[in-house]
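What follows is the content of coords.cif, which has mmCIF, N, CA and C atoms:
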data_my_file
loop_
_atom_site.label_atom_id
_atom_site.label_comp_id
_atom_site.auth_asym_id
_atom_site.auth_seq_id
_atom_site.Cartn_x
_atom_site.Cartn_y
_atom_site.Cartn_z
N MET Q 28 5.34 2.33 -10.65
CA MET Q 28 4.72 2.88 -11.84
C MET Q 28 5.54 2.41 -13.03
N THR Q 29 5.02 1.45 -13.74
CA THR Q 29 5.71 0.95 -14.93
C THR Q 29 5.53 1.94 -16.08
N ASP Q 30 6.35 1.81 -17.10
CA ASP Q 30 6.21 2.67 -18.28
C ASP Q 30 4.85 2.50 -18.93
N GLU Q 31 4.36 1.25 -18.98
CA GLU Q 31 3.08 0.98 -19.61
C GLU Q 31 1.92 1.65 -18.86
N VAL Q 32 1.94 1.57 -17.54
CA VAL Q 32 0.88 2.20 -16.73
C VAL Q 32 0.99 3.71 -16.86
N PHE Q 33 2.20 4.24 -16.79
CA PHE Q 33 2.41 5.68 -16.94
C PHE Q 33 1.82 6.17 -18.25
N ASP Q 34 2.17 5.49 -19.36
CA ASP Q 34 1.69 5.90 -20.68
C ASP Q 34 0.18 5.83 -20.78
N ALA Q 35 -0.43 4.82 -20.14
CA ALA Q 35 -1.88 4.66 -20.20
C ALA Q 35 -2.62 5.73 -19.39
N LEU Q 36 -1.99 6.26 -18.35
CA LEU Q 36 -2.66 7.18 -17.44
C LEU Q 36 -2.41 8.65 -17.72
N THR Q 37 -1.29 8.98 -18.34
CA THR Q 37 -0.94 10.39 -18.48
C THR Q 37 -1.86 11.12 -19.45
N ASP Q 38 -2.10 12.38 -19.15
CA ASP Q 38 -2.93 13.20 -20.04
C ASP Q 38 -2.06 14.09 -20.93
N GLY Q 39 -0.76 13.84 -20.94
CA GLY Q 39 0.16 14.60 -21.78
C GLY Q 39 0.91 15.69 -21.04
N ASN Q 40 0.44 16.08 -19.85
CA ASN Q 40 1.19 17.04 -19.04
C ASN Q 40 2.38 16.33 -18.42
N ASP Q 41 3.34 17.10 -17.93
CA ASP Q 41 4.52 16.46 -17.36
C ASP Q 41 4.27 15.92 -15.95
N GLY Q 42 3.22 16.33 -15.27
CA GLY Q 42 2.86 15.77 -13.97
C GLY Q 42 3.82 16.09 -12.85
N ARG Q 43 4.70 17.05 -13.03
CA ARG Q 43 5.71 17.36 -12.01
C ARG Q 43 5.29 18.48 -11.06
N ASP Q 44 4.06 18.92 -11.15
CA ASP Q 44 3.59 19.99 -10.28
C ASP Q 44 3.80 19.67 -8.80
N LEU Q 45 3.66 18.42 -8.43
CA LEU Q 45 3.80 18.01 -7.03
C LEU Q 45 5.20 17.51 -6.71
N GLY Q 46 6.10 17.50 -7.69
CA GLY Q 46 7.48 17.12 -7.45
C GLY Q 46 7.78 15.64 -7.52
N PHE Q 47 6.82 14.82 -7.92
CA PHE Q 47 7.08 13.39 -8.07
C PHE Q 47 7.86 13.12 -9.35
N TRP Q 48 8.59 12.00 -9.36
CA TRP Q 48 9.38 11.65 -10.53
C TRP Q 48 8.52 10.99 -11.59
N ARG Q 49 7.55 10.16 -11.18
CA ARG Q 49 6.80 9.34 -12.14
C ARG Q 49 5.29 9.51 -12.02
N LEU Q 50 4.80 10.58 -11.49
CA LEU Q 50 3.36 10.80 -11.40
C LEU Q 50 2.86 11.22 -12.79
N PRO Q 51 1.99 10.40 -13.41
CA PRO Q 51 1.49 10.76 -14.74
C PRO Q 51 0.73 12.08 -14.71
N GLY Q 52 0.87 12.87 -15.75
CA GLY Q 52 0.14 14.12 -15.84
C GLY Q 52 -1.36 13.89 -15.71
N GLY Q 53 -2.01 14.63 -14.83
CA GLY Q 53 -3.44 14.52 -14.61
C GLY Q 53 -3.85 13.42 -13.64
N PHE Q 54 -2.92 12.56 -13.23
CA PHE Q 54 -3.26 11.45 -12.34
C PHE Q 54 -3.65 11.96 -10.95
N ASP Q 55 -3.11 13.10 -10.54
CA ASP Q 55 -3.48 13.66 -9.25
C ASP Q 55 -4.97 14.00 -9.21
N THR Q 56 -5.52 14.41 -10.33
CA THR Q 56 -6.96 14.69 -10.40
C THR Q 56 -7.77 13.41 -10.20
N LEU Q 57 -7.32 12.33 -10.81
CA LEU Q 57 -7.98 11.04 -10.65
C LEU Q 57 -7.87 10.54 -9.21
N LEU Q 58 -6.70 10.72 -8.60
CA LEU Q 58 -6.51 10.33 -7.20
C LEU Q 58 -7.47 11.11 -6.30
N ALA Q 59 -7.62 12.40 -6.57
CA ALA Q 59 -8.56 13.22 -5.78
C ALA Q 59 -9.98 12.69 -5.93
N GLN Q 60 -10.38 12.34 -7.14
CA GLN Q 60 -11.72 11.79 -7.35
C GLN Q 60 -11.90 10.48 -6.59
N TRP Q 61 -10.93 9.58 -6.69
CA TRP Q 61 -11.01 8.29 -5.99
C TRP Q 61 -11.09 8.49 -4.48
N SER Q 62 -10.45 9.54 -3.98
CA SER Q 62 -10.38 9.74 -2.53
C SER Q 62 -11.73 10.12 -1.91
N THR Q 63 -12.72 10.39 -2.72
CA THR Q 63 -14.04 10.66 -2.15
C THR Q 63 -14.63 9.39 -1.53
N ALA Q 64 -14.13 8.22 -1.94
CA ALA Q 64 -14.58 6.94 -1.36
C ALA Q 64 -13.73 6.52 -0.17
N GLY Q 65 -12.61 7.18 0.02
CA GLY Q 65 -11.70 6.88 1.13
C GLY Q 65 -10.31 7.39 0.79
N PRO Q 66 -9.47 7.62 1.80
CA PRO Q 66 -8.15 8.20 1.54
C PRO Q 66 -7.31 7.29 0.65
N ILE Q 67 -6.48 7.90 -0.17
CA ILE Q 67 -5.62 7.17 -1.09
C ILE Q 67 -4.27 7.88 -1.14
N ALA Q 68 -3.20 7.09 -1.23
CA ALA Q 68 -1.85 7.65 -1.25
C ALA Q 68 -1.16 7.33 -2.57
N TYR Q 69 -0.29 8.22 -2.97
CA TYR Q 69 0.64 7.97 -4.07
C TYR Q 69 2.02 8.13 -3.46
N VAL Q 70 2.86 7.11 -3.61
CA VAL Q 70 4.19 7.13 -3.02
C VAL Q 70 5.22 6.72 -4.06
N GLU Q 71 6.42 7.24 -3.90
CA GLU Q 71 7.54 6.85 -4.74
C GLU Q 71 8.77 6.66 -3.86
N ALA Q 72 9.56 5.66 -4.20
CA ALA Q 72 10.83 5.43 -3.51
C ALA Q 72 11.85 4.99 -4.54
N GLU Q 73 13.04 5.50 -4.42
CA GLU Q 73 14.14 5.14 -5.31
C GLU Q 73 15.38 4.97 -4.45
N TYR Q 74 15.87 3.75 -4.37
CA TYR Q 74 17.05 3.44 -3.55
C TYR Q 74 18.01 2.58 -4.33
N PHE Q 75 19.29 2.78 -4.07
CA PHE Q 75 20.33 1.91 -4.60
C PHE Q 75 21.45 1.87 -3.58
N GLY Q 76 21.79 0.71 -3.12
CA GLY Q 76 22.87 0.58 -2.14
C GLY Q 76 22.55 1.24 -0.82
N GLY Q 77 21.27 1.30 -0.47
CA GLY Q 77 20.87 1.88 0.81
C GLY Q 77 20.74 3.39 0.80
N VAL Q 78 20.99 4.03 -0.33
CA VAL Q 78 20.89 5.48 -0.44
C VAL Q 78 19.77 5.81 -1.42
N GLY Q 79 18.94 6.77 -1.06
CA GLY Q 79 17.87 7.13 -1.98
C GLY Q 79 16.92 8.15 -1.43
N GLU Q 80 15.75 8.21 -2.03
CA GLU Q 80 14.76 9.21 -1.67
C GLU Q 80 13.36 8.61 -1.68
N GLN Q 81 12.46 9.27 -0.95
CA GLN Q 81 11.05 8.93 -0.94
C GLN Q 81 10.24 10.21 -1.11
N ARG Q 82 9.05 10.03 -1.66
CA ARG Q 82 8.10 11.13 -1.77
C ARG Q 82 6.72 10.51 -1.61
N ALA Q 83 5.81 11.22 -0.95
CA ALA Q 83 4.47 10.69 -0.70
C ALA Q 83 3.45 11.81 -0.57
N ALA Q 84 2.22 11.49 -0.93
CA ALA Q 84 1.10 12.41 -0.75
C ALA Q 84 -0.15 11.58 -0.51
N VAL Q 85 -1.11 12.17 0.20
CA VAL Q 85 -2.38 11.51 0.47
C VAL Q 85 -3.51 12.45 0.07
N TRP Q 86 -4.51 11.87 -0.61
CA TRP Q 86 -5.72 12.59 -0.95
C TRP Q 86 -6.85 12.02 -0.11
N ALA Q 87 -7.76 12.88 0.35
CA ALA Q 87 -8.93 12.45 1.12
C ALA Q 87 -10.06 13.43 0.83
N ASP Q 88 -11.27 12.92 0.79
CA ASP Q 88 -12.45 13.76 0.56
C ASP Q 88 -12.32 14.64 -0.67
N GLY Q 89 -11.66 14.12 -1.71
CA GLY Q 89 -11.56 14.84 -2.97
C GLY Q 89 -10.48 15.89 -3.07
N ALA Q 90 -9.57 15.95 -2.08
CA ALA Q 90 -8.53 16.98 -2.10
C ALA Q 90 -7.22 16.45 -1.53
N LEU Q 91 -6.14 17.11 -1.86
CA LEU Q 91 -4.85 16.78 -1.28
C LEU Q 91 -4.91 17.04 0.22
N ALA Q 92 -4.63 16.01 1.02
CA ALA Q 92 -4.77 16.12 2.47
C ALA Q 92 -3.44 16.07 3.22
N LEU Q 93 -2.40 15.54 2.58
CA LEU Q 93 -1.09 15.44 3.22
C LEU Q 93 -0.03 15.48 2.14
N GLY Q 94 0.93 16.40 2.31
CA GLY Q 94 2.06 16.44 1.41
C GLY Q 94 1.84 17.36 0.22
N PRO Q 95 2.68 17.17 -0.77
CA PRO Q 95 3.64 16.08 -0.88
C PRO Q 95 4.80 16.23 0.11
N LEU Q 96 5.21 15.10 0.64
CA LEU Q 96 6.31 15.03 1.59
C LEU Q 96 7.52 14.45 0.89
N ASP Q 97 8.69 15.02 1.15
CA ASP Q 97 9.87 14.48 0.50
C ASP Q 97 11.07 14.32 1.43
N GLU Q 98 10.92 14.67 2.68
CA GLU Q 98 12.01 14.48 3.63
C GLU Q 98 11.44 13.97 4.94
N PRO Q 99 12.17 13.07 5.59
CA PRO Q 99 11.69 12.62 6.91
C PRO Q 99 11.58 13.80 7.87
N THR Q 100 10.60 13.74 8.73
CA THR Q 100 10.47 14.75 9.76
C THR Q 100 10.67 14.08 11.11
N LYS Q 101 11.21 14.82 12.04
CA LYS Q 101 11.44 14.26 13.37
C LYS Q 101 10.29 14.62 14.29
N ARG Q 102 9.92 13.66 15.10
CA ARG Q 102 8.96 13.92 16.15
C ARG Q 102 9.75 14.00 17.44
N ARG Q 103 9.28 14.74 18.37
CA ARG Q 103 10.01 14.91 19.62
C ARG Q 103 10.30 13.55 20.26
N PHE Q 104 11.55 13.32 20.63
CA PHE Q 104 12.02 12.10 21.26
C PHE Q 104 11.79 10.86 20.40
N SER Q 105 11.79 11.03 19.09
CA SER Q 105 11.55 9.89 18.20
C SER Q 105 12.52 9.94 17.04
N ARG Q 106 12.61 8.82 16.33
CA ARG Q 106 13.44 8.78 15.13
C ARG Q 106 12.71 9.47 13.97
N PRO Q 107 13.43 9.77 12.88
CA PRO Q 107 12.77 10.38 11.73
C PRO Q 107 11.66 9.47 11.20
N VAL Q 108 10.62 10.06 10.67
CA VAL Q 108 9.51 9.32 10.09
C VAL Q 108 9.53 9.59 8.59
N SER Q 109 9.63 8.53 7.79
CA SER Q 109 9.75 8.69 6.35
C SER Q 109 8.44 9.19 5.74
N PRO Q 110 8.53 9.81 4.57
CA PRO Q 110 7.32 10.26 3.89
C PRO Q 110 6.32 9.12 3.66
N ILE Q 111 6.80 7.96 3.24
CA ILE Q 111 5.89 6.84 2.98
C ILE Q 111 5.24 6.37 4.27
N SER Q 112 6.00 6.29 5.35
CA SER Q 112 5.41 5.88 6.62
C SER Q 112 4.37 6.88 7.10
N GLN Q 113 4.61 8.16 6.89
CA GLN Q 113 3.62 9.18 7.27
C GLN Q 113 2.33 9.01 6.45
N ALA Q 114 2.47 8.74 5.16
CA ALA Q 114 1.29 8.53 4.32
C ALA Q 114 0.54 7.27 4.74
N LEU Q 115 1.27 6.20 5.02
CA LEU Q 115 0.63 4.95 5.45
C LEU Q 115 -0.09 5.14 6.78
N ARG Q 116 0.51 5.91 7.68
CA ARG Q 116 -0.15 6.20 8.96
C ARG Q 116 -1.46 6.94 8.72
N ARG Q 117 -1.45 7.88 7.78
CA ARG Q 117 -2.67 8.64 7.46
C ARG Q 117 -3.75 7.71 6.90
N LEU Q 118 -3.32 6.61 6.24
CA LEU Q 118 -4.28 5.64 5.71
C LEU Q 118 -4.74 4.64 6.76
N GLY Q 119 -4.12 4.69 7.95
CA GLY Q 119 -4.55 3.81 9.03
C GLY Q 119 -3.59 2.69 9.38
N ALA Q 120 -2.42 2.64 8.76
CA ALA Q 120 -1.45 1.60 9.08
C ALA Q 120 -0.96 1.76 10.51
N ARG Q 121 -0.76 0.64 11.17
CA ARG Q 121 -0.24 0.64 12.54
C ARG Q 121 1.02 -0.20 12.58
N ARG Q 122 1.98 0.26 13.32
CA ARG Q 122 3.26 -0.43 13.42
C ARG Q 122 3.41 -1.07 14.77
N SER Q 123 4.30 -2.05 14.84
CA SER Q 123 4.69 -2.66 16.11
C SER Q 123 5.96 -2.01 16.59
N PRO Q 124 6.29 -2.15 17.87
CA PRO Q 124 7.56 -1.59 18.35
C PRO Q 124 8.73 -2.12 17.54
N GLY Q 125 9.64 -1.25 17.18
CA GLY Q 125 10.84 -1.63 16.45
C GLY Q 125 10.68 -1.67 14.94
N GLU Q 126 9.51 -1.31 14.42
CA GLU Q 126 9.33 -1.25 12.97
C GLU Q 126 8.60 0.04 12.62
N ASP Q 127 8.63 0.38 11.34
CA ASP Q 127 7.85 1.53 10.89
C ASP Q 127 6.66 1.04 10.07
N GLU Q 128 5.83 1.93 9.63
CA GLU Q 128 4.63 1.58 8.89
C GLU Q 128 4.96 0.90 7.56
N PHE Q 129 6.05 1.33 6.93
CA PHE Q 129 6.52 0.73 5.67
C PHE Q 129 6.74 -0.77 5.87
N GLU Q 130 7.43 -1.12 6.94
CA GLU Q 130 7.68 -2.53 7.26
C GLU Q 130 6.41 -3.23 7.69
N ALA Q 131 5.57 -2.55 8.48
CA ALA Q 131 4.37 -3.15 9.03
C ALA Q 131 3.41 -3.64 7.95
N VAL Q 132 3.30 -2.92 6.84
CA VAL Q 132 2.39 -3.34 5.77
C VAL Q 132 3.07 -4.22 4.73
N GLY Q 133 4.36 -4.49 4.92
CA GLY Q 133 5.07 -5.42 4.05
C GLY Q 133 5.67 -4.84 2.79
N LEU Q 134 5.82 -3.53 2.71
CA LEU Q 134 6.39 -2.95 1.49
C LEU Q 134 7.86 -3.28 1.29
N GLY Q 135 8.55 -3.71 2.33
CA GLY Q 135 9.96 -4.06 2.21
C GLY Q 135 10.20 -5.46 1.66
N ARG Q 136 9.14 -6.20 1.37
CA ARG Q 136 9.30 -7.58 0.89
C ARG Q 136 9.84 -7.66 -0.52
N ARG Q 137 9.70 -6.65 -1.30
CA ARG Q 137 10.15 -6.65 -2.69
C ARG Q 137 11.06 -5.46 -2.91
N ARG Q 138 11.98 -5.58 -3.86
CA ARG Q 138 12.96 -4.52 -4.10
C ARG Q 138 12.75 -3.75 -5.41
N SER Q 139 11.81 -4.20 -6.25
CA SER Q 139 11.61 -3.52 -7.53
C SER Q 139 10.17 -3.72 -8.01
N ASN Q 140 9.76 -2.90 -8.97
CA ASN Q 140 8.44 -3.09 -9.58
C ASN Q 140 8.31 -4.49 -10.16
N GLU Q 141 9.37 -4.95 -10.80
CA GLU Q 141 9.35 -6.28 -11.42
C GLU Q 141 9.11 -7.36 -10.38
N ASP Q 142 9.72 -7.23 -9.20
CA ASP Q 142 9.50 -8.21 -8.13
C ASP Q 142 8.04 -8.21 -7.69
N TRP Q 143 7.44 -7.02 -7.57
CA TRP Q 143 6.04 -6.95 -7.16
C TRP Q 143 5.14 -7.56 -8.23
N ILE Q 144 5.40 -7.25 -9.48
CA ILE Q 144 4.58 -7.78 -10.57
C ILE Q 144 4.68 -9.30 -10.64
N SER Q 145 5.89 -9.83 -10.53
CA SER Q 145 6.07 -11.28 -10.61
C SER Q 145 5.50 -12.00 -9.40
N SER Q 146 5.32 -11.31 -8.27
CA SER Q 146 4.80 -11.95 -7.06
C SER Q 146 3.31 -12.23 -7.15
N THR Q 147 2.62 -11.68 -8.14
CA THR Q 147 1.18 -11.89 -8.24
C THR Q 147 0.83 -13.28 -8.74
N GLY Q 148 1.75 -13.95 -9.44
CA GLY Q 148 1.50 -15.32 -9.89
C GLY Q 148 0.33 -15.43 -10.84
N HIS Q 149 -0.14 -16.66 -11.03
CA HIS Q 149 -1.29 -16.93 -11.90
C HIS Q 149 -2.40 -17.53 -11.07
N ALA Q 150 -3.61 -17.15 -11.34
CA ALA Q 150 -4.80 -17.68 -10.67
C ALA Q 150 -4.66 -17.63 -9.15
N GLY Q 151 -4.03 -16.56 -8.66
CA GLY Q 151 -3.95 -16.38 -7.22
C GLY Q 151 -2.76 -17.04 -6.56
N GLU Q 152 -1.97 -17.81 -7.31
CA GLU Q 152 -0.82 -18.47 -6.69
C GLU Q 152 0.24 -17.44 -6.33
N GLY Q 153 0.78 -17.54 -5.14
CA GLY Q 153 1.87 -16.69 -4.71
C GLY Q 153 1.49 -15.23 -4.50
N ARG Q 154 0.22 -14.93 -4.41
CA ARG Q 154 -0.18 -13.54 -4.21
C ARG Q 154 0.23 -13.04 -2.83
N ASP Q 155 0.68 -11.82 -2.81
CA ASP Q 155 0.96 -11.17 -1.53
C ASP Q 155 -0.34 -10.67 -0.95
N ARG Q 156 -0.48 -10.73 0.32
CA ARG Q 156 -1.68 -10.24 1.00
C ARG Q 156 -1.32 -8.95 1.72
N TRP Q 157 -2.13 -7.92 1.54
CA TRP Q 157 -1.91 -6.65 2.22
C TRP Q 157 -2.77 -6.68 3.41
#
Translate this structure into structure tokens?
Amino acid sequence: MTDEVFDALTDGNDGRDLGFWRLPGGFDTLLAQWSTAGPIAYVEAEYFGGVGEQRAAVWADGALALGPLDEPTKRRFSRPVSPISQALRRLGARRSPGEDEFEAVGLGRRRSNEDWISSTGHAGEGRDRW
């Protein structure tokens, strides 16, 4: 969420009702509306030096359907599952053995918003495929 996108989307509220750091005020209402066409997730991650936090939520059928999640949860006999991986799983992402959903869809390929923005290239050059 860049500053420009945040400013364009916010309705002036602080948007912290769900506990996200950068969710524009009123954007959750728009996400709920969009989710009538199919599930949609809003995720945030902030890491530096391997330490950080994640938060995720999924909307489906016009309502909040999962989360907001902010801590990994353990499944019996399994490793912790991150909030983003749980949201991606709810959207239908599938992982291979030894990876999580975050890795499976390629979110680990870039380390910052700027890296993602610059990866789009011009006229389709260098575009990442999801």
To one decimal place, how far is CA of Phe54 (chain Q) from CA of Gly89 (chain Q) in Å?
13.0 Å
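Going from atom N of Gly53 (chain Q) to CA of Arg136 (chain Q) covers 29.5 Å.
Once the PyMOL selection byres ((chain Q and resi 98) around 7) is applied to the depicted file, the selected set reads Gln81, Arg82, Pro95, Leu96, Asp97, Pro99, Thr100, Val108, Ser109 and Pro110 of chain Q.
As for CA of Gly135 (chain Q) and CA of Val85 (chain Q), they are spaced 19.9 Å apart.
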Among chain Q, which residues carry a DSSP assignment of helix (DSSP H, G or I), reported as number ranges by chain?
Q: 30-36, 54-61, 110-117, 128-131, 134-136, 140-145
Starting from the structure just given, write a file holding region 73-84 of chain Q with all heavy atoms, as a CSV table (one decimal), in the first residue's frame.
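Output below, filename result_1.csv:
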chain,number,residue,atom,x,y,z
Q,73,GLU,N,5.4,-6.7,7.5
Q,73,GLU,CA,6.5,-5.8,7.8
Q,73,GLU,C,7.6,-6.5,8.4
Q,73,GLU,O,7.5,-7.1,9.5
Q,73,GLU,CB,6.0,-4.6,8.7
Q,73,GLU,CG,7.0,-3.6,9.0
Q,73,GLU,CD,7.4,-2.7,7.8
Q,73,GLU,OE1,6.5,-2.5,7.0
Q,73,GLU,OE2,8.6,-2.4,7.6
Q,74,TYR,N,8.7,-6.6,7.7
Q,74,TYR,CA,9.9,-7.4,8.2
Q,74,TYR,C,11.2,-6.6,8.0
Q,74,TYR,O,11.3,-5.9,7.1
Q,74,TYR,CB,10.1,-8.7,7.5
Q,74,TYR,CG,9.0,-9.7,7.9
Q,74,TYR,CD1,7.8,-9.8,7.3
Q,74,TYR,CD2,9.3,-10.6,9.0
Q,74,TYR,CE1,6.9,-10.8,7.7
Q,74,TYR,CE2,8.4,-11.5,9.4
Q,74,TYR,CZ,7.1,-11.6,8.7
Q,74,TYR,OH,6.2,-12.5,9.1
Q,75,PHE,N,12.1,-6.8,9.0
Q,75,PHE,CA,13.4,-6.2,8.8
Q,75,PHE,C,14.4,-7.1,9.5
Q,75,PHE,O,14.2,-7.5,10.7
Q,75,PHE,CB,13.5,-4.8,9.4
Q,75,PHE,CG,14.9,-4.2,9.3
Q,75,PHE,CD1,15.2,-3.6,8.0
Q,75,PHE,CD2,15.8,-4.1,10.3
Q,75,PHE,CE1,16.5,-3.1,7.9
Q,75,PHE,CE2,17.0,-3.6,10.1
Q,75,PHE,CZ,17.4,-3.0,8.9
Q,76,GLY,N,15.4,-7.6,8.8
Q,76,GLY,CA,16.3,-8.5,9.4
Q,76,GLY,C,15.7,-9.8,9.9
Q,76,GLY,O,16.2,-10.4,10.8
Q,77,GLY,N,14.7,-10.3,9.2
Q,77,GLY,CA,14.0,-11.5,9.5
Q,77,GLY,C,13.1,-11.5,10.7
Q,77,GLY,O,12.5,-12.5,11.0
Q,78,VAL,N,12.9,-10.3,11.3
Q,78,VAL,CA,11.9,-10.1,12.4
Q,78,VAL,C,10.8,-9.2,11.9
Q,78,VAL,O,11.0,-8.2,11.3
Q,78,VAL,CB,12.6,-9.5,13.6
Q,78,VAL,CG1,11.6,-9.3,14.7
Q,78,VAL,CG2,13.8,-10.4,14.1
Q,79,GLY,N,9.6,-9.6,12.2
Q,79,GLY,CA,8.5,-8.7,11.8
Q,79,GLY,C,7.1,-9.3,12.2
Q,79,GLY,O,7.0,-10.2,13.0
Q,80,GLU,N,6.1,-8.8,11.5
Q,80,GLU,CA,4.7,-9.2,11.7
Q,80,GLU,C,4.0,-9.3,10.4
Q,80,GLU,O,4.3,-8.7,9.4
Q,80,GLU,CB,4.1,-8.1,12.6
Q,80,GLU,CG,4.7,-7.9,14.0
Q,80,GLU,CD,4.0,-6.8,14.8
Q,80,GLU,OE1,2.7,-6.7,14.7
Q,80,GLU,OE2,4.7,-6.1,15.4
Q,81,GLN,N,2.9,-10.0,10.5
Q,81,GLN,CA,1.9,-10.2,9.4
Q,81,GLN,C,0.5,-10.0,10.0
Q,81,GLN,O,0.2,-10.3,11.1
Q,81,GLN,CB,2.0,-11.6,8.8
Q,81,GLN,CG,3.2,-11.9,8.0
Q,81,GLN,CD,3.1,-13.2,7.3
Q,81,GLN,OE1,2.0,-13.9,7.3
Q,81,GLN,NE2,4.2,-13.7,6.8
Q,82,ARG,N,-0.4,-9.5,9.1
Q,82,ARG,CA,-1.8,-9.4,9.4
Q,82,ARG,C,-2.5,-9.7,8.1
Q,82,ARG,O,-2.1,-9.3,7.0
Q,82,ARG,CB,-2.1,-8.0,9.9
Q,82,ARG,CG,-3.5,-8.0,10.6
Q,82,ARG,CD,-3.6,-6.7,11.5
Q,82,ARG,NE,-4.8,-6.7,12.2
Q,82,ARG,CZ,-5.0,-7.4,13.3
Q,82,ARG,NH1,-4.1,-8.2,13.8
Q,82,ARG,NH2,-6.2,-7.3,14.0
Q,83,ALA,N,-3.7,-10.4,8.2
Q,83,ALA,CA,-4.4,-10.8,7.0
Q,83,ALA,C,-5.9,-10.9,7.4
Q,83,ALA,O,-6.3,-11.3,8.5
Q,83,ALA,CB,-3.9,-12.1,6.4
Q,84,ALA,N,-6.7,-10.6,6.4
Q,84,ALA,CA,-8.2,-10.9,6.5
Q,84,ALA,C,-8.7,-11.2,5.1
Q,84,ALA,O,-8.1,-10.8,4.1
Q,84,ALA,CB,-8.9,-9.6,7.0
